Amino acid sequence: MNLKTIGLLLLLCCTQWLHAESGYELWLRYQPVGEGALCEAYRLKNRKVMFPGETESLVAARQELQAGLKGLLGVAFAEAAALEDNVLVVGTPQSVSSFKKQLFYDEINGLSDEGYLIQSCKMEGKKVTVIAARTDIGVLYGVFHYLRLMQTNQPLDKLTITENPKLKYRVLNHWDNLNGTIERGYAGYSIWNWERLPSYKEQRYTDYARANASIGINGAVLNNVNAQAKSLRTDWLVKASGLADVFRPYGIKVYLTAKFSAPKEIGGLKTANPKDPQVRQWWKDKVKEIYSLIPDFGGFLVKANSEGQPGPQDYGCSHADGANMLAEALEPYGGVVFWRAFVYQNERHVDRVINGYNEFKPLDGEFGKNVFVQPKNGPIDFQPREPFHPLFGGMPGTPLSLEFQITQENLGHAGHLVYLGTLFEETLQSDTYENGKGSTVSKVLQNYQKTHGISAIAGVPNIGTDLNWTGHLFGQANWYAFGRLAWNPDMSSVQIAEDWARMTFSNEENVLSPVLKIMLMSRETYVDYTMPLGLNHIMNYDTHNGPESWHDDPVWTAFDYHKITKDSIGVDRTVDGTGATRQYHSPVCEKFDDIKKCPPEYLLWFHRVPWTYEMASGKTLWDELVGHYYKGVNEVRLMQAIWSGLKGKIDDERFNHVASLLKYQEREAIWWRDGCLLFFQEYSGLPIPANLEQPRHSLKYYQTIPFPHDWKGLYE
Ligand code: GCW
């Protein structure tokens, strides 16, 4: 290639790169690879592809590879008729029969159902690269991995990659209602267009499936856990089957939520009692009907006896009785039940933190073999920071599926830039000490594969009809991070952020490093300006956005969560208090229990602490708390400053989108900081040091900011 051609190619890269982008393409933008990858790209231009096979999944994989190579390298897909040097050979031993004669054939056979290998090797004397799997889905995953290597500017020679997912069920739990709204969704409406299903299949469904397959997600619960029974009616099942048909080639199974009272509501029965033979038969018939329409149906997700939902306890039966009835109906078809452990009734409790464990621990071992019990990552409810749920490590006899929330219900909705990979990793790498040191939550989840033959993880997504899918462009990183961690829960969140940033923005250092800096500081920043030092559940009681540490009504009171008085703040959950620490294995129990050993980030979660308590830093609790809130706001300003340096380095459309949301985030951070500190001050009576920017308004002002709000001119 002469200099002129290189110059032209570079120009092409740059101009394409700066084209306005809506974000719709997610991390699958397939923009021309940048300067650093040019040689590689050039070398690859000469490469041909051998990719036979006509199954739905192989066709999908081939199309993806074609689109990827075209976008990244600007080359059309050249089919190789015979093996020659530099050919890329893709397939299974069924589609590429010569794989059976190769050295790596045993390796292919040793892969799991979804695993793949990518190898630089010799076939029939030719130097080739192979993407091989036992199954078509494995091939698809391998193709996405290979494209990712190009997208992230990795070397493509000497590849020796073998990948098998570490968890078997990697499922999104959509909280989409049948009328198109989404519970706790902040990116528009549901992408399922029920009115037009099953016949009209939007391109968006395929793009959703591609995005999920690219990160290894293999299941989607289509509807809200606060369920409507009618989702199980024949007409709605037919609609769901339309989505299942689109997702199937991408290895994604459809699941539905099951409302426990469905036999009464849509089945005409007088009861939904799990001990009633007619009820049991109704579920069996219903499941049979579902499989006649969706042959690869995944199973049910159930929220029962929680927040007013019906459940087996309505009939004096246990969670296990309820789950097992559904499991029995699904078992002949290979379906599973995800039974949620997020259980509490809408009434005052001694301590909500200890509820889930107390209800489920005694049932360990009583669930059918195709049942997962599914706790949230922490024992309360998707707070910005929680210690891990003590059921992890506490239920050796029952496979647990961990539920993360990707949608930012308590993390600033789609208005705040918060990279959740950090939060996910923090939970997954927490050590439960179930079997001694190293029994991390991640290992606990993986271990069920050995002990029970199944393993799972779930995420409540942030996906909606917004053009960029997730509202905030950086919300895409959270969907992405969930998928990558579902595939390998031991992956580093930093590595995932880097991959995402490279694919979403650029491989150029001057873009990559500021983007990463912002992402990696963002979660701690959010915690700092909202609920530092273990504070929790002091958000607006209805919208869950903005502060409301003052909310107090007979059912929902923030005072249960901070217990503020003029002397102290925090909840005593030690063995002398509500006993929550006792739900953890030793030495975690002792660490949380002892105020001196308790990590500061969980201090007020587990302890009631005097305002004047001396922290390890030598500062009083009050001063430390003030410090966190101020640091949070300052860091949002730092994030803004870093982002502003990207002007002209990324396209204006995405630059402006993020810049304006960071401004919004700053205002909300101030609302949190000043609202909380002024409220706490009413009790502590202590000052905000004079050298700090003082709240510009009264507590009353912050207490009356409505949400949703329009900040413009109103609340400066
Ligand atoms: O935190 C609460 C949410 C509810 C949600 C519930 C749950 C689907 O505010 O909107 O209901 O958790 O997880 O069941």
# chains A, B, ... in the order shown; residues from 1 in each chain; ligands from 1
call {"tool": "select_by_dssp", "arguments": {"residues": "region 294-498 of chain A", "states": "strand (DSSP E or B)", "output": "MDAnalysis selection string"}}
result
chainID A and resid 299:302 336:340 371:374 376 400:405 431 434 436 440 456:460
call {"tool": "write_last_selection", "arguments": {"atoms": "N, CA, C and O atoms", "output": "mmCIF file, in the first residue's frame"}}
result
data_model
loop_
_atom_site.group_PDB
_atom_site.id
_atom_site.type_symbol
_atom_site.label_atom_id
_atom_site.label_comp_id
_atom_site.auth_asym_id
_atom_site.auth_seq_id
_atom_site.Cartn_x
_atom_site.Cartn_y
_atom_site.Cartn_z
ATOM 1 N N GLY A 299 -38.951 -21.260 30.548
ATOM 2 C CA GLY A 299 -39.570 -21.546 31.846
ATOM 3 C C GLY A 299 -40.205 -20.299 32.435
ATOM 4 O O GLY A 299 -40.447 -19.306 31.738
ATOM 5 N N PHE A 300 -40.451 -20.364 33.754
ATOM 6 C CA PHE A 300 -41.166 -19.285 34.436
ATOM 7 C C PHE A 300 -40.267 -18.543 35.428
ATOM 8 O O PHE A 300 -39.419 -19.151 36.092
ATOM 9 N N LEU A 301 -40.539 -17.249 35.556
ATOM 10 C CA LEU A 301 -39.963 -16.436 36.634
ATOM 11 C C LEU A 301 -41.138 -16.014 37.512
ATOM 12 O O LEU A 301 -42.159 -15.555 36.994
ATOM 13 N N VAL A 302 -40.995 -16.180 38.829
ATOM 14 C CA VAL A 302 -42.140 -15.925 39.707
ATOM 15 C C VAL A 302 -41.776 -15.017 40.879
ATOM 16 O O VAL A 302 -40.787 -15.230 41.576
ATOM 17 N N VAL A 336 -37.239 -24.524 33.326
ATOM 18 C CA VAL A 336 -36.839 -24.257 34.720
ATOM 19 C C VAL A 336 -37.718 -23.167 35.340
ATOM 20 O O VAL A 336 -38.383 -22.407 34.634
ATOM 21 N N VAL A 337 -37.678 -23.129 36.667
ATOM 22 C CA VAL A 337 -38.390 -22.084 37.412
ATOM 23 C C VAL A 337 -37.356 -21.203 38.104
ATOM 24 O O VAL A 337 -36.430 -21.707 38.731
ATOM 25 N N PHE A 338 -37.523 -19.890 37.957
ATOM 26 C CA PHE A 338 -36.760 -18.946 38.771
ATOM 27 C C PHE A 338 -37.727 -18.397 39.810
ATOM 28 O O PHE A 338 -38.680 -17.695 39.453
ATOM 29 N N TRP A 339 -37.501 -18.740 41.052
ATOM 30 C CA TRP A 339 -38.408 -18.332 42.129
ATOM 31 C C TRP A 339 -37.720 -17.246 42.933
ATOM 32 O O TRP A 339 -36.700 -17.493 43.567
ATOM 33 N N ARG A 340 -38.275 -16.046 42.904
ATOM 34 C CA ARG A 340 -37.547 -14.914 43.511
ATOM 35 C C ARG A 340 -37.552 -14.966 45.041
ATOM 36 O O ARG A 340 -38.554 -15.356 45.659
ATOM 37 N N VAL A 371 -35.415 -25.992 39.800
ATOM 38 C CA VAL A 371 -35.807 -24.710 40.405
ATOM 39 C C VAL A 371 -34.559 -23.932 40.826
ATOM 40 O O VAL A 371 -33.660 -24.487 41.452
ATOM 41 N N PHE A 372 -34.534 -22.655 40.469
ATOM 42 C CA PHE A 372 -33.558 -21.732 41.040
ATOM 43 C C PHE A 372 -34.293 -20.836 42.026
ATOM 44 O O PHE A 372 -35.380 -20.346 41.721
ATOM 45 N N VAL A 373 -33.683 -20.590 43.162
ATOM 46 C CA VAL A 373 -34.164 -19.510 44.021
ATOM 47 C C VAL A 373 -33.324 -18.290 43.638
ATOM 48 O O VAL A 373 -32.106 -18.395 43.476
ATOM 49 N N GLN A 374 -33.987 -17.149 43.463
ATOM 50 C CA GLN A 374 -33.284 -15.981 42.905
ATOM 51 C C GLN A 374 -33.313 -14.772 43.845
ATOM 52 O O GLN A 374 -34.265 -14.010 43.851
ATOM 53 N N LYS A 376 -31.825 -11.018 45.100
ATOM 54 C CA LYS A 376 -31.121 -9.876 44.520
ATOM 55 C C LYS A 376 -29.676 -9.889 45.030
ATOM 56 O O LYS A 376 -29.355 -10.628 45.961
ATOM 57 N N LEU A 400 -28.901 -21.224 43.387
ATOM 58 C CA LEU A 400 -29.352 -19.831 43.430
ATOM 59 C C LEU A 400 -28.987 -19.150 42.117
ATOM 60 O O LEU A 400 -27.922 -19.397 41.557
ATOM 61 N N SER A 401 -29.886 -18.303 41.680
ATOM 62 C CA SER A 401 -29.595 -17.423 40.555
ATOM 63 C C SER A 401 -29.481 -16.023 41.133
ATOM 64 O O SER A 401 -30.318 -15.624 41.942
ATOM 65 N N LEU A 402 -28.453 -15.290 40.771
ATOM 66 C CA LEU A 402 -28.286 -13.945 41.335
ATOM 67 C C LEU A 402 -28.978 -12.917 40.438
ATOM 68 O O LEU A 402 -28.783 -12.926 39.229
ATOM 69 N N GLU A 403 -29.781 -12.038 41.023
ATOM 70 C CA GLU A 403 -30.465 -11.002 40.241
ATOM 71 C C GLU A 403 -29.792 -9.644 40.440
ATOM 72 O O GLU A 403 -29.777 -9.107 41.546
ATOM 73 N N PHE A 404 -29.228 -9.121 39.359
ATOM 74 C CA PHE A 404 -28.705 -7.750 39.365
ATOM 75 C C PHE A 404 -29.737 -6.841 38.716
ATOM 76 O O PHE A 404 -30.548 -7.277 37.911
ATOM 77 N N GLN A 405 -29.645 -5.565 39.037
ATOM 78 C CA GLN A 405 -30.476 -4.610 38.317
ATOM 79 C C GLN A 405 -29.582 -3.775 37.412
ATOM 80 O O GLN A 405 -28.644 -3.125 37.875
ATOM 81 N N ASP A 431 -16.392 -12.389 49.377
ATOM 82 C CA ASP A 431 -16.121 -13.748 49.867
ATOM 83 C C ASP A 431 -17.149 -14.148 50.915
ATOM 84 O O ASP A 431 -17.269 -13.514 51.960
ATOM 85 N N GLU A 434 -18.230 -19.652 52.533
ATOM 86 C CA GLU A 434 -19.077 -20.843 52.695
ATOM 87 C C GLU A 434 -18.225 -22.102 52.884
ATOM 88 O O GLU A 434 -18.502 -22.921 53.757
ATOM 89 N N GLY A 436 -14.767 -21.954 53.367
ATOM 90 C CA GLY A 436 -13.458 -21.356 53.644
ATOM 91 C C GLY A 436 -13.164 -20.216 52.691
ATOM 92 O O GLY A 436 -13.976 -19.877 51.823
ATOM 93 N N THR A 440 -16.130 -17.059 46.886
ATOM 94 C CA THR A 440 -16.777 -15.811 46.478
ATOM 95 C C THR A 440 -18.195 -16.085 45.980
ATOM 96 O O THR A 440 -18.531 -17.220 45.633
ATOM 97 N N ALA A 456 -26.962 -20.118 37.220
ATOM 98 C CA ALA A 456 -27.689 -19.024 36.560
ATOM 99 C C ALA A 456 -27.354 -17.658 37.127
ATOM 100 O O ALA A 456 -26.861 -17.511 38.248
ATOM 101 N N ILE A 457 -27.681 -16.651 36.328
ATOM 102 C CA ILE A 457 -27.589 -15.257 36.754
ATOM 103 C C ILE A 457 -28.630 -14.469 35.953
ATOM 104 O O ILE A 457 -28.944 -14.826 34.819
ATOM 105 N N ALA A 458 -29.171 -13.413 36.565
ATOM 106 C CA ALA A 458 -30.228 -12.651 35.885
ATOM 107 C C ALA A 458 -29.953 -11.169 36.025
ATOM 108 O O ALA A 458 -29.332 -10.721 36.995
ATOM 109 N N GLY A 459 -30.437 -10.391 35.063
ATOM 110 C CA GLY A 459 -30.283 -8.939 35.126
ATOM 111 C C GLY A 459 -31.566 -8.269 34.649
ATOM 112 O O GLY A 459 -32.144 -8.674 33.642
ATOM 113 N N VAL A 460 -31.989 -7.253 35.398
ATOM 114 C CA VAL A 460 -33.183 -6.492 35.006
ATOM 115 C C VAL A 460 -32.714 -5.353 34.111
ATOM 116 O O VAL A 460 -32.057 -4.419 34.592
#
call {"tool": "residues_near_ligand", "arguments": {"ligand": "ligand 1", "cutoff": "6 Å", "atoms": "only C-alpha atoms and all ligand atoms", "output": "ChimeraX atom specification"}}
result
/A:183-184,225-226,381
call {"tool": "closest_atom_pairs", "arguments": {"of": "region 422-474 of chain A", "to": "region 155-167 of chain A", "cutoff": "8 Å", "atoms": "only C-alpha atoms", "output": "tab-separated table"}}
result
residue	atom	partner	partner_atom	distance
A:Leu445	CA	A:Leu167	CA	7.6
A:Gln446	CA	A:Leu167	CA	6.1
A:Gln449	CA	A:Leu167	CA	7.5
A:Ile454	CA	A:Leu167	CA	7.9
A:Ser455	CA	A:Leu167	CA	5.2
A:Ala456	CA	A:Leu167	CA	5.5
A:Ile457	CA	A:Leu167	CA	7.3
call {"tool": "write_last_selection", "arguments": {"atoms": "C-alpha atoms", "output": "mmCIF file, in the first residue's frame"}}
result
data_model
loop_
_atom_site.group_PDB
_atom_site.id
_atom_site.type_symbol
_atom_site.label_atom_id
_atom_site.label_comp_id
_atom_site.auth_asym_id
_atom_site.auth_seq_id
_atom_site.Cartn_x
_atom_site.Cartn_y
_atom_site.Cartn_z
ATOM 1 C CA LEU A 445 -22.905 -19.498 41.630
ATOM 2 C CA GLN A 446 -20.485 -21.502 39.492
ATOM 3 C CA GLN A 449 -23.041 -26.355 38.051
ATOM 4 C CA ILE A 454 -27.341 -26.004 36.622
ATOM 5 C CA SER A 455 -26.224 -22.430 37.301
ATOM 6 C CA ALA A 456 -27.689 -19.024 36.560
ATOM 7 C CA ILE A 457 -27.589 -15.257 36.754
#
call {"tool": "residues_around", "arguments": {"residues": "Phe592 (chain A)", "least_positions_apart": "5", "cutoff": "8 Å", "atoms": "only C-alpha atoms", "output": "ChimeraX atom specification"}}
result
/A:574,581,597-599,602,606
call {"tool": "write_last_selection", "arguments": {"atoms": "N, CA, C and O atoms", "output": "PDB file, in the first residue's frame"}}
result
ATOM      1  N   THR A 574     -26.007  -5.686  64.384  1.00  0.00           N
ATOM      2  CA  THR A 574     -25.045  -6.633  64.948  1.00  0.00           C
ATOM      3  C   THR A 574     -25.809  -7.731  65.690  1.00  0.00           C
ATOM      4  O   THR A 574     -27.042  -7.715  65.750  1.00  0.00           O
ATOM      5  N   THR A 581     -25.928  -9.609  61.007  1.00  0.00           N
ATOM      6  CA  THR A 581     -24.547 -10.079  60.818  1.00  0.00           C
ATOM      7  C   THR A 581     -24.441 -11.584  61.039  1.00  0.00           C
ATOM      8  O   THR A 581     -23.597 -12.248  60.451  1.00  0.00           O
ATOM      9  N   LYS A 597     -13.768  -3.297  62.835  1.00  0.00           N
ATOM     10  CA  LYS A 597     -13.320  -4.059  61.660  1.00  0.00           C
ATOM     11  C   LYS A 597     -14.238  -3.856  60.462  1.00  0.00           C
ATOM     12  O   LYS A 597     -13.889  -4.193  59.333  1.00  0.00           O
ATOM     13  N   CYS A 598     -15.426  -3.368  60.723  1.00  0.00           N
ATOM     14  CA  CYS A 598     -16.419  -3.248  59.646  1.00  0.00           C
ATOM     15  C   CYS A 598     -15.908  -2.282  58.569  1.00  0.00           C
ATOM     16  O   CYS A 598     -15.506  -1.156  58.880  1.00  0.00           O
ATOM     17  N   PRO A 599     -15.892  -2.716  57.294  1.00  0.00           N
ATOM     18  CA  PRO A 599     -15.427  -1.791  56.250  1.00  0.00           C
ATOM     19  C   PRO A 599     -16.272  -0.518  56.273  1.00  0.00           C
ATOM     20  O   PRO A 599     -17.492  -0.591  56.425  1.00  0.00           O
ATOM     21  N   TYR A 602     -19.706  -0.050  54.757  1.00  0.00           N
ATOM     22  CA  TYR A 602     -20.901  -0.712  55.304  1.00  0.00           C
ATOM     23  C   TYR A 602     -21.191  -0.255  56.741  1.00  0.00           C
ATOM     24  O   TYR A 602     -22.020  -0.855  57.432  1.00  0.00           O
ATOM     25  N   PHE A 606     -24.542  -1.604  59.192  1.00  0.00           N
ATOM     26  CA  PHE A 606     -24.508  -2.574  60.290  1.00  0.00           C
ATOM     27  C   PHE A 606     -24.441  -1.937  61.682  1.00  0.00           C
ATOM     28  O   PHE A 606     -24.627  -2.635  62.666  1.00  0.00           O
TER      29      PHE A 606
END
call {"tool": "residues_around", "arguments": {"residues": "region 630-640 of chain A", "least_positions_apart": "2", "cutoff": "8 Å", "atoms": "only C-alpha atoms", "output": "number ranges by chain"}}
result
A: 518, 524-529, 626-628, 642-644, 659, 662-663, 665-666, 669-670, 673
call {"tool": "write_last_selection", "arguments": {"atoms": "N, CA, C and O atoms", "output": "PDB file, in the first residue's frame"}}
result
ATOM      1  N   ILE A 518     -13.621   8.258  33.577  1.00  0.00           N
ATOM      2  CA  ILE A 518     -14.975   8.629  33.996  1.00  0.00           C
ATOM      3  C   ILE A 518     -15.761   7.389  34.441  1.00  0.00           C
ATOM      4  O   ILE A 518     -16.390   7.373  35.499  1.00  0.00           O
ATOM      5  N   GLU A 524     -18.532   4.967  42.513  1.00  0.00           N
ATOM      6  CA  GLU A 524     -18.194   5.465  43.849  1.00  0.00           C
ATOM      7  C   GLU A 524     -18.665   6.912  44.003  1.00  0.00           C
ATOM      8  O   GLU A 524     -19.112   7.328  45.073  1.00  0.00           O
ATOM      9  N   THR A 525     -18.567   7.652  42.921  1.00  0.00           N
ATOM     10  CA  THR A 525     -19.042   9.032  42.931  1.00  0.00           C
ATOM     11  C   THR A 525     -20.530   9.074  43.258  1.00  0.00           C
ATOM     12  O   THR A 525     -20.983   9.866  44.091  1.00  0.00           O
ATOM     13  N   TYR A 526     -21.289   8.203  42.613  1.00  0.00           N
ATOM     14  CA  TYR A 526     -22.740   8.176  42.874  1.00  0.00           C
ATOM     15  C   TYR A 526     -23.014   7.851  44.348  1.00  0.00           C
ATOM     16  O   TYR A 526     -23.836   8.492  45.002  1.00  0.00           O
ATOM     17  N   VAL A 527     -22.295   6.852  44.863  1.00  0.00           N
ATOM     18  CA  VAL A 527     -22.473   6.482  46.270  1.00  0.00           C
ATOM     19  C   VAL A 527     -22.144   7.683  47.160  1.00  0.00           C
ATOM     20  O   VAL A 527     -22.869   7.995  48.103  1.00  0.00           O
ATOM     21  N   ASP A 528     -21.074   8.385  46.818  1.00  0.00           N
ATOM     22  CA  ASP A 528     -20.648   9.521  47.646  1.00  0.00           C
ATOM     23  C   ASP A 528     -21.713  10.611  47.748  1.00  0.00           C
ATOM     24  O   ASP A 528     -21.957  11.130  48.824  1.00  0.00           O
ATOM     25  N   TYR A 529     -22.334  10.971  46.643  1.00  0.00           N
ATOM     26  CA  TYR A 529     -23.289  12.086  46.754  1.00  0.00           C
ATOM     27  C   TYR A 529     -24.706  11.648  47.108  1.00  0.00           C
ATOM     28  O   TYR A 529     -25.606  12.482  47.215  1.00  0.00           O
ATOM     29  N   VAL A 626     -19.889  14.450  55.690  1.00  0.00           N
ATOM     30  CA  VAL A 626     -19.896  15.691  54.907  1.00  0.00           C
ATOM     31  C   VAL A 626     -18.866  15.574  53.780  1.00  0.00           C
ATOM     32  O   VAL A 626     -19.138  15.896  52.623  1.00  0.00           O
ATOM     33  N   GLY A 627     -17.705  15.050  54.126  1.00  0.00           N
ATOM     34  CA  GLY A 627     -16.629  14.901  53.139  1.00  0.00           C
ATOM     35  C   GLY A 627     -17.071  14.058  51.947  1.00  0.00           C
ATOM     36  O   GLY A 627     -16.803  14.403  50.794  1.00  0.00           O
ATOM     37  N   HIS A 628     -17.763  12.964  52.216  1.00  0.00           N
ATOM     38  CA  HIS A 628     -18.212  12.102  51.113  1.00  0.00           C
ATOM     39  C   HIS A 628     -19.191  12.837  50.210  1.00  0.00           C
ATOM     40  O   HIS A 628     -19.085  12.775  48.982  1.00  0.00           O
ATOM     41  N   ILE A 642     -13.459  16.261  32.450  1.00  0.00           N
ATOM     42  CA  ILE A 642     -12.787  15.253  31.615  1.00  0.00           C
ATOM     43  C   ILE A 642     -13.544  15.086  30.300  1.00  0.00           C
ATOM     44  O   ILE A 642     -12.964  15.031  29.227  1.00  0.00           O
ATOM     45  N   TRP A 643     -14.861  15.019  30.430  1.00  0.00           N
ATOM     46  CA  TRP A 643     -15.662  14.810  29.217  1.00  0.00           C
ATOM     47  C   TRP A 643     -15.480  15.973  28.241  1.00  0.00           C
ATOM     48  O   TRP A 643     -15.389  15.773  27.027  1.00  0.00           O
ATOM     49  N   SER A 644     -15.409  17.186  28.778  1.00  0.00           N
ATOM     50  CA  SER A 644     -15.318  18.341  27.872  1.00  0.00           C
ATOM     51  C   SER A 644     -14.051  18.269  27.019  1.00  0.00           C
ATOM     52  O   SER A 644     -14.013  18.790  25.910  1.00  0.00           O
ATOM     53  N   ALA A 659     -22.626  15.330  27.537  1.00  0.00           N
ATOM     54  CA  ALA A 659     -22.298  16.582  28.233  1.00  0.00           C
ATOM     55  C   ALA A 659     -23.546  17.138  28.908  1.00  0.00           C
ATOM     56  O   ALA A 659     -23.501  17.580  30.065  1.00  0.00           O
ATOM     57  N   LEU A 662     -24.474  15.139  31.950  1.00  0.00           N
ATOM     58  CA  LEU A 662     -23.569  15.353  33.085  1.00  0.00           C
ATOM     59  C   LEU A 662     -23.926  16.636  33.834  1.00  0.00           C
ATOM     60  O   LEU A 662     -23.779  16.732  35.049  1.00  0.00           O
ATOM     61  N   LYS A 663     -24.423  17.607  33.108  1.00  0.00           N
ATOM     62  CA  LYS A 663     -24.857  18.861  33.729  1.00  0.00           C
ATOM     63  C   LYS A 663     -26.076  18.566  34.633  1.00  0.00           C
ATOM     64  O   LYS A 663     -26.168  19.029  35.772  1.00  0.00           O
ATOM     65  N   GLN A 665     -26.802  15.733  35.893  1.00  0.00           N
ATOM     66  CA  GLN A 665     -26.317  14.916  37.008  1.00  0.00           C
ATOM     67  C   GLN A 665     -25.718  15.795  38.104  1.00  0.00           C
ATOM     68  O   GLN A 665     -25.924  15.538  39.299  1.00  0.00           O
ATOM     69  N   GLU A 666     -25.028  16.845  37.719  1.00  0.00           N
ATOM     70  CA  GLU A 666     -24.432  17.733  38.710  1.00  0.00           C
ATOM     71  C   GLU A 666     -25.531  18.380  39.569  1.00  0.00           C
ATOM     72  O   GLU A 666     -25.427  18.435  40.796  1.00  0.00           O
ATOM     73  N   ALA A 669     -26.910  15.870  41.877  1.00  0.00           N
ATOM     74  CA  ALA A 669     -25.937  15.541  42.924  1.00  0.00           C
ATOM     75  C   ALA A 669     -25.983  16.607  44.022  1.00  0.00           C
ATOM     76  O   ALA A 669     -25.919  16.294  45.220  1.00  0.00           O
ATOM     77  N   ILE A 670     -26.134  17.860  43.618  1.00  0.00           N
ATOM     78  CA  ILE A 670     -26.222  18.947  44.615  1.00  0.00           C
ATOM     79  C   ILE A 670     -27.514  18.800  45.420  1.00  0.00           C
ATOM     80  O   ILE A 670     -27.536  18.993  46.642  1.00  0.00           O
ATOM     81  N   ARG A 673     -26.812  16.108  47.889  1.00  0.00           N
ATOM     82  CA  ARG A 673     -25.854  16.522  48.921  1.00  0.00           C
ATOM     83  C   ARG A 673     -26.489  17.506  49.901  1.00  0.00           C
ATOM     84  O   ARG A 673     -26.500  17.279  51.114  1.00  0.00           O
TER      85      ARG A 673
END
call {"tool": "atom_distance", "arguments": {"atom1": "CA of Leu172 (chain A)", "atom2": "CA of Ile463 (chain A)"}}
result
10.1 Å
call {"tool": "select_by_dssp", "arguments": {"residues": "region 32-148 of chain A", "states": "helix (DSSP H, G or I)", "output": "number ranges by chain"}}
result
A: 35-45, 56-73, 97-101, 105-109, 136-148
call {"tool": "residues_around", "arguments": {"residues": "Lys253 (chain A)", "least_positions_apart": "2", "cutoff": "8 Å", "atoms": "only C-alpha atoms", "output": "ChimeraX atom specification"}}
result
/A:218-220,244,247-248,251,255,296-298
call {"tool": "residues_around", "arguments": {"residues": "region 382-384 of chain A", "least_positions_apart": "3", "cutoff": "12 Å", "atoms": "only C-alpha atoms", "output": "number ranges by chain"}}
result
A: 184, 342, 353, 375-379, 387-389, 402-413, 418-420, 422-424, 426-427, 459-460, 522-539, 544-545, 561, 601-602, 605
call {"tool": "residues_around", "arguments": {"residues": "Gln429 (chain A)", "least_positions_apart": "4", "cutoff": "10 Å", "atoms": "only C-alpha atoms", "output": "mmCIF file with N, CA and C atoms, in the first residue's frame"}}
result
data_model
loop_
_atom_site.group_PDB
_atom_site.id
_atom_site.type_symbol
_atom_site.label_atom_id
_atom_site.label_comp_id
_atom_site.auth_asym_id
_atom_site.auth_seq_id
_atom_site.Cartn_x
_atom_site.Cartn_y
_atom_site.Cartn_z
ATOM 1 N N PHE A 388 -23.224 -8.230 50.155
ATOM 2 C CA PHE A 388 -23.855 -9.322 49.392
ATOM 3 C C PHE A 388 -24.970 -9.968 50.209
ATOM 4 N N PHE A 424 -21.303 -4.725 40.057
ATOM 5 C CA PHE A 424 -21.499 -6.167 39.825
ATOM 6 C C PHE A 424 -20.277 -6.950 40.324
ATOM 7 N N GLU A 425 -19.104 -6.452 39.973
ATOM 8 C CA GLU A 425 -17.879 -7.149 40.364
ATOM 9 C C GLU A 425 -17.726 -7.174 41.885
ATOM 10 N N GLY A 438 -12.085 -17.789 49.814
ATOM 11 C CA GLY A 438 -12.160 -17.967 48.362
ATOM 12 C C GLY A 438 -13.533 -18.400 47.863
ATOM 13 N N SER A 439 -14.492 -18.572 48.764
ATOM 14 C CA SER A 439 -15.850 -18.951 48.321
ATOM 15 C C SER A 439 -16.617 -17.685 47.936
ATOM 16 N N THR A 440 -16.130 -17.059 46.886
ATOM 17 C CA THR A 440 -16.777 -15.811 46.478
ATOM 18 C C THR A 440 -18.195 -16.085 45.980
ATOM 19 N N VAL A 441 -18.984 -15.036 45.914
ATOM 20 C CA VAL A 441 -20.342 -15.179 45.376
ATOM 21 C C VAL A 441 -20.257 -15.781 43.970
ATOM 22 N N SER A 442 -19.301 -15.314 43.198
ATOM 23 C CA SER A 442 -19.108 -15.855 41.852
ATOM 24 C C SER A 442 -18.872 -17.364 41.891
ATOM 25 N N LYS A 443 -18.016 -17.810 42.799
ATOM 26 C CA LYS A 443 -17.711 -19.241 42.901
ATOM 27 C C LYS A 443 -18.933 -20.017 43.398
ATOM 28 N N PRO A 489 -18.238 -14.700 35.364
ATOM 29 C CA PRO A 489 -18.413 -13.817 36.518
ATOM 30 C C PRO A 489 -17.101 -13.433 37.201
ATOM 31 N N ASP A 490 -16.002 -14.002 36.744
ATOM 32 C CA ASP A 490 -14.719 -13.611 37.334
ATOM 33 C C ASP A 490 -13.970 -12.600 36.478
ATOM 34 N N MET A 491 -14.601 -12.126 35.435
ATOM 35 C CA MET A 491 -13.923 -11.126 34.601
ATOM 36 C C MET A 491 -13.742 -9.815 35.350
ATOM 37 N N SER A 492 -12.742 -9.070 34.951
ATOM 38 C CA SER A 492 -12.529 -7.790 35.622
ATOM 39 C C SER A 492 -13.430 -6.717 34.992
#
call {"tool": "atom_distance", "arguments": {"atom1": "CA of Leu140 (chain A)", "atom2": "CA of Ala60 (chain A)"}}
result
7.5 Å
call {"tool": "atom_distance", "arguments": {"atom1": "CA of Ala187 (chain A)", "atom2": "CA of His174 (chain A)"}}
result
12.7 Å
call {"tool": "closest_residue", "arguments": {"among": "A:Pro295, A:Gly68, A:Pro52, A:Pro514", "to": "Val33 (chain A)", "atoms": "only C-alpha atoms"}}
result
A:Gly68
call {"tool": "closest_residue", "arguments": {"among": "A:Gly464, A:Gly471, A:Gly675, A:Gly91", "to": "Asp136 (chain A)", "atoms": "only C-alpha atoms"}}
result
A:Gly91
